[in-house]
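Q: Below is data13.txt; it holds compact mmCIF, C-alpha atoms.
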# COMPACT_ATOMS: atom_id res chain seq x y z
CA MET A 247 98.43 82.63 87.64
CA ALA A 248 99.95 79.81 85.56
CA GLN A 249 96.91 79.83 83.27
CA ALA A 250 97.10 83.62 82.88
CA GLU A 251 100.81 83.43 82.07
CA HIS A 252 100.20 80.70 79.53
CA GLU A 253 97.58 82.88 77.90
CA LEU A 254 99.96 85.86 77.93
CA ARG A 255 102.71 83.90 76.14
CA SER A 256 100.11 82.56 73.73
CA VAL A 257 98.92 86.09 72.97
CA VAL A 258 102.46 87.42 72.46
CA GLU A 259 103.24 84.58 70.04
CA GLN A 260 99.95 84.62 68.15
CA GLY A 261 99.44 88.38 68.31
CA ARG A 262 95.71 87.91 68.57
CA VAL A 263 93.96 88.86 71.79
CA GLY A 264 90.63 87.83 70.29
CA ALA A 265 91.82 84.30 69.51
CA ALA A 266 93.38 83.81 72.96
CA HIS A 267 90.08 84.59 74.65
CA GLY A 268 87.68 82.88 72.31
CA ALA A 269 86.26 86.05 70.76
CA ALA A 270 85.71 85.81 67.03
CA HIS A 271 86.87 88.50 64.65
CA GLU A 272 85.91 88.32 61.00
CA SER A 273 88.53 89.67 58.63
CA GLU A 274 87.22 91.79 55.81
CA SER A 275 88.42 89.41 53.14
CA GLY A 276 86.86 86.44 54.94
CA GLU A 277 90.10 84.44 54.77
CA GLY A 278 93.47 84.15 56.51
CA GLU A 279 94.21 85.71 59.94
CA PRO A 280 91.35 87.67 61.50
CA ALA A 281 92.18 91.42 61.68
CA GLY A 282 92.73 92.88 65.17
CA THR A 283 90.80 95.93 66.23
CA PRO A 284 92.84 99.00 67.25
CA ASP A 285 92.03 98.08 70.86
CA ASP A 286 93.36 94.54 70.37
CA ILE A 287 96.58 95.88 68.87
CA GLN A 288 96.96 98.33 71.73
CA LEU A 289 96.47 95.54 74.30
CA GLN A 290 98.93 93.29 72.46
CA GLU A 291 101.53 96.05 72.51
CA ILE A 292 100.99 96.66 76.22
CA MET A 293 101.45 92.99 77.02
CA ARG A 294 104.45 92.68 74.74
CA ARG A 295 106.16 95.66 76.38
CA ARG A 296 105.46 94.23 79.80
CA GLU A 297 106.89 90.86 78.84
CA LEU A 298 110.03 92.43 77.38
CA LEU A 299 110.59 94.73 80.36
CA GLY A 300 111.02 91.57 82.43
CA ASP A 301 110.84 90.63 86.09
CA GLU A 302 114.28 91.98 87.03
CA PRO A 303 114.29 95.67 88.01
CA PRO A 304 116.97 97.70 86.21
CA LYS A 305 119.70 99.41 88.22
CA PHE A 306 120.89 102.91 87.43
CA ASN A 307 123.88 105.09 87.96
CA ILE A 308 122.11 108.43 87.63
CA ALA A 309 125.07 110.35 86.21
CA ASP A 310 125.64 107.66 83.56
CA ASN A 311 121.90 107.58 82.89
CA ASP A 312 121.87 111.33 82.26
CA ASP A 313 124.88 111.11 79.94
CA ALA A 314 123.26 108.31 77.95
CA HIS A 315 119.75 109.76 77.80
CA GLY A 316 120.21 113.52 77.98
CA ASP A 317 118.85 113.80 74.44
CA HIS A 318 115.67 112.06 75.63
CA GLY A 319 115.21 114.53 78.47
CA ALA A 320 117.19 112.95 81.33
CA HIS A 321 118.33 115.79 83.59
CA THR A 322 118.55 114.81 87.26
CA VAL A 323 122.15 115.88 87.87
CA ASP A 324 121.86 119.08 85.83
CA ARG A 325 118.83 120.39 87.78
CA HIS A 326 119.02 118.62 91.15
CA GLY A 327 122.56 117.32 91.51
CA PRO A 328 124.54 117.80 94.73
CA GLN A 329 127.11 119.89 92.85
CA LEU A 330 124.69 122.82 92.43
CA PRO A 331 125.46 125.77 94.70
CA LEU A 332 122.64 126.38 97.15
CA PRO A 333 122.41 130.16 97.60
CA ARG A 334 121.87 132.71 94.86
CA LEU A 335 124.89 134.25 93.22
CA PRO A 336 125.25 137.91 92.19
CA PRO A 337 123.58 138.94 88.92
CA GLY A 338 125.82 138.35 85.93
CA VAL A 339 127.33 135.14 87.33
CA GLU A 340 126.38 132.43 84.87
CA THR A 341 125.95 129.52 87.24
CA LYS A 342 122.70 127.75 88.14
CA THR A 343 121.86 127.76 91.85
CA VAL A 344 119.15 125.96 93.82
CA GLU A 345 117.85 129.19 95.34
CA GLY A 346 118.04 130.84 91.94
CA ARG A 347 115.32 128.54 90.66
CA ILE A 348 112.87 130.14 93.08
CA TYR A 349 113.48 133.45 91.32
CA GLY A 350 113.99 132.27 87.74
CA ASP A 351 117.64 133.37 87.80
CA TRP A 352 120.22 132.66 85.10
CA GLY A 353 120.01 129.11 83.76
CA TRP A 354 116.40 128.59 84.76
CA GLY A 355 113.40 128.95 82.45
CA LYS A 356 110.87 129.97 85.11
CA ALA A 357 110.40 130.79 88.80
CA GLU A 358 109.39 127.82 90.95
CA SER A 359 107.66 127.42 94.28
CA LYS A 360 110.04 124.69 95.48
CA SER A 361 113.60 123.88 94.48
CA TYR A 362 115.68 121.12 96.06
CA LYS A 363 118.87 119.27 95.30
CA TRP A 364 120.20 115.90 96.44
CA THR A 365 122.51 115.96 99.48
CA ASP A 366 125.05 113.68 97.75
CA HIS A 367 125.49 111.19 94.88
CA THR A 368 125.46 108.11 97.13
CA THR A 369 122.07 109.01 98.61
CA MET A 370 120.68 109.90 95.18
CA ASN A 371 121.66 106.57 93.63
CA ARG A 372 120.73 104.48 96.65
CA GLU A 373 117.26 105.96 97.12
CA VAL A 374 116.29 105.84 93.45
CA ASN A 375 117.51 102.29 92.98
CA GLN A 376 115.84 101.12 96.18
CA TYR A 377 112.55 102.65 95.03
CA ILE A 378 112.79 100.98 91.63
CA GLN A 379 113.71 97.66 93.21
CA GLU A 380 110.76 97.76 95.61
CA GLN A 381 108.18 99.07 93.14
CA TRP A 382 109.30 97.40 89.92
CA GLN A 383 106.05 95.54 89.31
CA MET A 384 104.06 98.77 89.41
CA ILE A 385 106.69 100.69 87.41
CA ARG A 386 106.78 97.89 84.85
CA ASP A 387 103.00 97.98 84.46
CA ASP A 388 103.01 101.76 83.95
CA LEU A 389 105.86 101.56 81.42
CA ALA A 390 103.99 98.80 79.61
CA ILE A 391 100.80 100.86 79.40
CA ASP A 392 102.16 104.14 78.03
CA GLY A 393 105.93 104.18 78.49
CA PHE A 394 105.87 106.48 81.52
CA HIS A 395 105.87 106.19 85.31
CA GLU A 396 105.75 108.98 87.88
CA SER A 397 105.47 108.79 91.63
CA LEU A 398 106.35 110.52 94.89
CA PHE A 399 107.91 108.51 97.71
CA ASP A 400 109.15 109.26 101.20
CA ALA A 401 112.72 108.12 101.83
CA GLY A 402 112.10 108.45 105.58
CA HIS A 403 115.16 110.61 106.19
CA ARG A 404 116.71 113.81 104.83
CA VAL A 405 117.70 113.39 101.18
CA GLY A 406 117.44 116.91 99.85
CA GLN A 407 118.06 120.52 100.73
CA GLY A 408 116.84 123.65 99.06
CA TYR A 409 114.19 126.34 99.22
CA TYR A 410 110.50 127.09 98.94
CA ASN A 411 108.76 130.34 98.10
CA LYS A 412 107.37 131.82 101.29
CA GLY A 413 105.05 133.95 99.16
CA MET A 414 103.35 130.91 97.59
CA TYR A 415 99.58 131.06 97.14
CA GLY A 416 99.49 134.82 97.60
CA ALA A 417 101.02 134.83 101.09
CA GLY A 418 103.34 137.66 100.17
CA PRO A 419 106.17 138.66 97.83
CA ARG A 420 108.37 135.95 96.36
CA HIS A 421 110.98 135.04 98.97
CA ALA A 422 113.08 131.89 99.18
CA GLU A 423 113.13 130.14 102.54
CA TYR A 424 115.61 127.31 103.23
CA GLY A 425 114.18 123.83 103.75
CA GLU A 426 115.04 120.15 103.77
CA THR A 427 113.00 117.20 102.58
CA SER A 428 112.72 113.42 102.70
CA LEU A 429 110.36 113.27 99.71
CA VAL A 430 111.45 112.22 96.23
CA ARG A 431 109.60 112.57 92.93
CA VAL A 432 110.72 110.12 90.28
CA ARG A 433 109.85 109.98 86.59
CA ILE A 434 110.85 106.98 84.50
CA ALA A 435 110.23 106.54 80.79
CA VAL A 436 111.10 104.20 77.95
CA VAL A 437 113.46 105.31 75.19
CA GLU A 438 111.22 106.12 72.25
CA GLY A 439 111.27 103.44 69.60
CA SER A 440 113.44 101.09 71.65
CA ASP A 441 112.70 97.39 71.13
CA PRO A 442 113.07 95.70 73.53
CA PRO A 443 111.99 98.72 75.61
CA VAL A 444 114.84 100.48 77.41
CA PRO A 445 113.78 102.24 80.63
CA PHE A 446 115.62 105.34 81.80
CA VAL A 447 115.25 107.86 84.61
CA VAL A 448 113.92 111.12 83.20
CA THR A 449 114.43 112.82 86.53
CA ALA A 450 114.45 111.93 90.23
CA TYR A 451 114.53 114.79 92.67
CA PRO A 452 113.94 115.76 96.28
CA ALA A 453 110.56 117.44 96.36
CA GLY A 454 108.51 119.65 98.60
CA LEU A 455 104.81 119.11 99.19
CA GLY A 456 102.43 121.41 97.36
CA MET B 285 89.95 99.70 75.99
CA ASP B 286 88.63 96.33 77.21
CA THR B 287 91.17 95.32 79.85
CA SER B 288 89.47 92.09 80.93
CA GLY B 289 92.02 89.96 79.08
CA LEU B 290 95.08 91.58 80.64
CA PRO B 291 97.16 90.02 83.44
CA GLU B 292 95.64 90.95 86.79
CA SER B 293 98.26 93.48 87.92
CA LEU B 294 97.95 95.42 84.65
CA ARG B 295 94.17 95.35 84.72
CA ALA B 296 94.16 96.49 88.36
CA ARG B 297 96.67 99.26 87.70
CA ILE B 298 94.64 100.63 84.79
CA ALA B 299 91.48 100.45 86.91
CA GLU B 300 93.17 102.17 89.86
CA ARG B 301 94.51 105.06 87.79
CA SER B 302 91.29 105.39 85.83
CA ALA B 303 89.29 105.65 89.08
CA LEU B 304 91.18 108.71 90.35
CA SER B 305 89.06 111.79 90.88
CA PRO B 306 89.35 114.53 88.24
CA ILE B 307 91.43 116.69 90.54
CA ASP B 308 93.81 113.82 91.26
CA LYS B 309 94.13 113.10 87.53
CA VAL B 310 95.03 116.75 86.98
CA ARG B 311 97.65 116.41 89.72
CA LYS B 312 99.09 113.31 87.98
CA LEU B 313 99.29 115.30 84.76
CA LEU B 314 101.02 118.24 86.44
CA HIS B 315 103.40 116.11 88.52
CA GLY B 316 104.38 113.98 85.55
CA TYR B 317 104.62 116.46 82.72
CA VAL B 318 104.76 120.04 84.02
CA ALA B 319 106.40 120.31 87.44
CA ASP B 320 110.06 119.93 86.48
CA ALA B 321 109.74 121.44 82.99
CA GLU B 322 111.44 124.73 82.21
CA ASP B 323 109.03 125.97 79.54
CA PHE B 324 106.04 124.93 77.45
CA GLY B 325 108.32 123.48 74.77
CA GLU B 326 109.57 120.99 77.31
CA ILE B 327 106.04 120.19 78.52
CA ARG B 328 105.07 119.51 74.92
CA ALA B 329 108.07 117.20 74.42
CA ASN B 330 107.20 115.32 77.63
CA LEU B 331 103.59 114.83 76.52
CA LEU B 332 104.53 113.82 72.98
CA HIS B 333 106.92 111.19 74.32
CA THR B 334 104.02 109.44 76.07
CA ALA B 335 101.41 110.11 73.37
CA ARG B 336 103.55 108.34 70.79
CA THR B 337 103.36 105.17 72.88
CA ASN B 338 99.77 105.34 74.11
CA ASP B 339 97.52 108.34 74.82
CA PHE B 340 95.09 106.33 76.98
CA PHE B 341 95.80 108.19 80.23
CA LEU B 342 96.56 111.52 78.52
CA ARG B 343 92.98 111.55 77.21
CA GLN B 344 91.70 110.97 80.74
CA TYR B 345 93.90 113.80 82.02
CA LEU B 346 92.52 116.15 79.36
CA ASP B 347 88.92 115.28 80.27
CA ALA B 348 89.72 115.82 83.94
CA LEU B 349 91.46 119.16 83.29
CA GLU B 350 88.61 120.44 81.16
CA SER B 351 86.07 119.41 83.79
CA ILE B 352 87.80 121.22 86.66
CA LEU B 353 88.08 124.32 84.51
CA VAL B 354 84.37 124.27 83.77
CA GLU B 355 82.99 123.28 87.17
CA PRO B 356 83.46 125.81 90.00
CA GLN B 357 86.16 124.72 92.45
CA PRO B 358 86.64 125.69 96.10
CA PRO B 359 88.63 128.95 96.42
CA GLY B 360 92.37 128.40 96.17
CA THR B 361 92.10 125.02 94.41
CA LEU B 362 93.36 126.16 91.02
CA LEU B 363 96.09 128.33 92.53
CA HIS B 364 97.33 125.36 94.56
CA LEU B 365 97.35 123.18 91.45
CA VAL B 366 99.55 125.64 89.58
CA GLU B 367 101.90 126.96 92.27
CA GLY B 368 101.94 123.69 94.23
CA ASP B 369 101.46 120.67 91.99
CA ALA B 370 102.78 122.25 88.79
CA ASN B 371 105.47 124.11 90.78
CA TRP B 372 105.02 127.11 88.45
CA GLY B 373 105.19 130.68 89.74
CA ILE B 374 102.45 132.98 88.44
CA ASP B 375 103.45 136.21 90.16
CA ASP B 376 101.71 138.32 87.51
CA ASP B 377 98.30 137.04 88.70
CA GLN B 378 98.58 134.94 91.83
CA THR B 379 94.87 134.05 91.96
CA ASP B 380 92.56 131.25 90.88
CA ALA B 381 91.80 133.28 87.74
CA GLY B 382 95.50 133.55 86.95
CA ALA B 383 95.87 129.83 87.61
CA ALA B 384 92.97 129.08 85.25
CA VAL B 385 94.78 130.95 82.47
CA PHE B 386 97.82 128.75 82.99
CA LEU B 387 95.78 125.53 83.17
CA ARG B 388 93.88 126.44 79.98
CA LYS B 389 97.22 126.79 78.20
CA VAL B 390 98.19 123.32 79.45
CA ALA B 391 94.84 121.93 78.25
CA GLU B 392 95.32 123.46 74.78
CA LEU B 393 98.79 122.01 74.58
CA LEU B 394 97.61 118.57 75.69
CA ARG B 395 94.75 118.62 73.19
CA SER B 396 97.09 119.53 70.35
CA VAL B 397 99.47 116.71 71.31
CA ILE B 398 96.62 114.17 71.42
CA ASP B 399 95.23 115.43 68.09
CA GLU B 400 98.71 115.13 66.55
CA GLY B 401 98.67 111.42 67.35
Write the structure described by the file as structure tokens, please.
A:
Amino acid sequence: MAQAEHELRSVVEQGRVGAAHGAAHESESGEGEPAGTPDDIQLQEIMRRRELLGDEPPKFNIADNDDAHGDHGAHTVDRHGPQLPLPRLPPGVETKTVEGRIYGDWGWGKAESKSYKWTDHTTMNREVNQYIQEQWQMIRDDLAIDGFHESLFDAGHRVGQGYYNKGMYGAGPRHAEYGETSLVRVRIAVVEGSDPPVPFVVTAYPAGLG
Amino acid sequence: MDTSGLPESLRARIAERSALSPIDKVRKLLHGYVADAEDFGEIRANLLHTARTNDFFLRQYLDALESILVEPQPPGTLLHLVEGDANWGIDDDQTDAGAAVFLRKVAELLRSVIDEG
């Protein structure tokens, strides 16, 4: 491990994967630094991102995260926050509801098969931060590779309430049925162009199984 | 991409994700980029965000998606991918054929995003 880490630091400083591992690259001019192949550059960038993301998992306040990164697509509270009313509201009422997402009601771009919201802010923040804390090495690797991590985890207890379409898969007409869930889908990305890379939560939401 | 020089956890993670079956890669694509999106504009923005960093896995997802659209799948597979994994209602044609139409649109979008890079 120590040898690998030494090689990693050496690569980050020298910027030459080929040199660090003894492979020879001839530059076209035949002098100065050997040119890296596109693959080498890609690997260097991956390792650099990983190094800069660091060993310490970040901690998030989801509402603050959404405020700061809404322009980059962060939308947990807006689409899955505990403040959303559960049942549909009469037509003409311009308020998003959890059940309304099953039907593509006002405020929603499409009709979904499953729509859940967090039970409360404390649970939302606790579960997401615990997941990130426990899985940071894997999240860090994914963010280093292409700036994106997605996963589904089971919180082991009720974290969300909402609806699923009873008519899914051709079972019948679209009809929202109430349900609760312990599953959470989380998507984390890196702010585009940020250096050092800044991770943020794109969305983290209670999810139903397909 | 020759990953042999990467730290072990990175190399293993790339290997693990690259070894997923085509259908599981399609699920990763749908879970990550489609399921919570409101429209195809948002899907495109999600994909572009990743492509601008590295399209390594996006290319694998495109290959996987194209392969499951070409090779016959067990009945209900495509419908489950769309209404389940992508969480997208297709009431106008709630069949595998209807699901294939949706998945072909996703494939076209993904291809255009990759080509843009």
Q: Which one of B:Val310, B:Ala370, B:Leu387, B:Ala303 sits closest to chain A if you count only C-alpha atoms?
A: B:Ala370
Q: Here is a test: counting only C-alpha atoms, which residue of B:Ala381, B:Asp347, B:Ala296, B:Leu393 is nearest to Glu326 (chain B)?
A: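 Of B:Ala381, B:Asp347, B:Ala296, B:Leu393, the one nearest Glu326 (chain B), counting only C-alpha atoms, is B:Leu393.
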Q: Taking into account all atoms listed in the file, which residue in the set A:His367, A:Lys305, A:Lys356, A:Arg295 is nearest to chain B?
A: A:Lys356
Q: Could you list, as a count of residues only, every residue of chain A that has an atom within 8 Å of an atom of chain B, counting only C-alpha atoms?
A: 33
Q: Taking all atoms listed in the file into account, name the residue in B:Ile327, B:Leu362, B:Val318, B:Leu332 that is nearest to Gly401 (chain B).
A: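 Residue with the minimum atom-to-atom distance to Gly401 (chain B): B:Leu332.
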Q: Distance cut-off 12 Å, centre (109.4, 92.1, 82.4) in file coordinates, counting all atoms listed in the file: which residues qualify? Return them as a PyMOL selection string.
A: chain A and resi 292-304+382-390+442-445
Q: CA of Pro333 (chain A) to CA of Val447 (chain A): how many Å, to one decimal?
A: 26.8 Å
Q: Write out as a PDB file with C-alpha atoms, keeping the file's coordinate frame the residues lying within 9 Å of His403 (chain A), counting only C-alpha atoms and excluding same-chain residues fewer than 2 positions away.
A:
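Final file, part.pdb:
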ATOM      1  CA  ASP A 400     109.150 109.260 101.200  1.00  0.00           C
ATOM      2  CA  ALA A 401     112.720 108.120 101.830  1.00  0.00           C
ATOM      3  CA  VAL A 405     117.700 113.390 101.180  1.00  0.00           C
ATOM      4  CA  THR A 427     113.000 117.200 102.580  1.00  0.00           C
ATOM      5  CA  SER A 428     112.720 113.420 102.700  1.00  0.00           C
ATOM      6  CA  LEU A 429     110.360 113.270  99.710  1.00  0.00           C
TER       7      LEU A 429
END
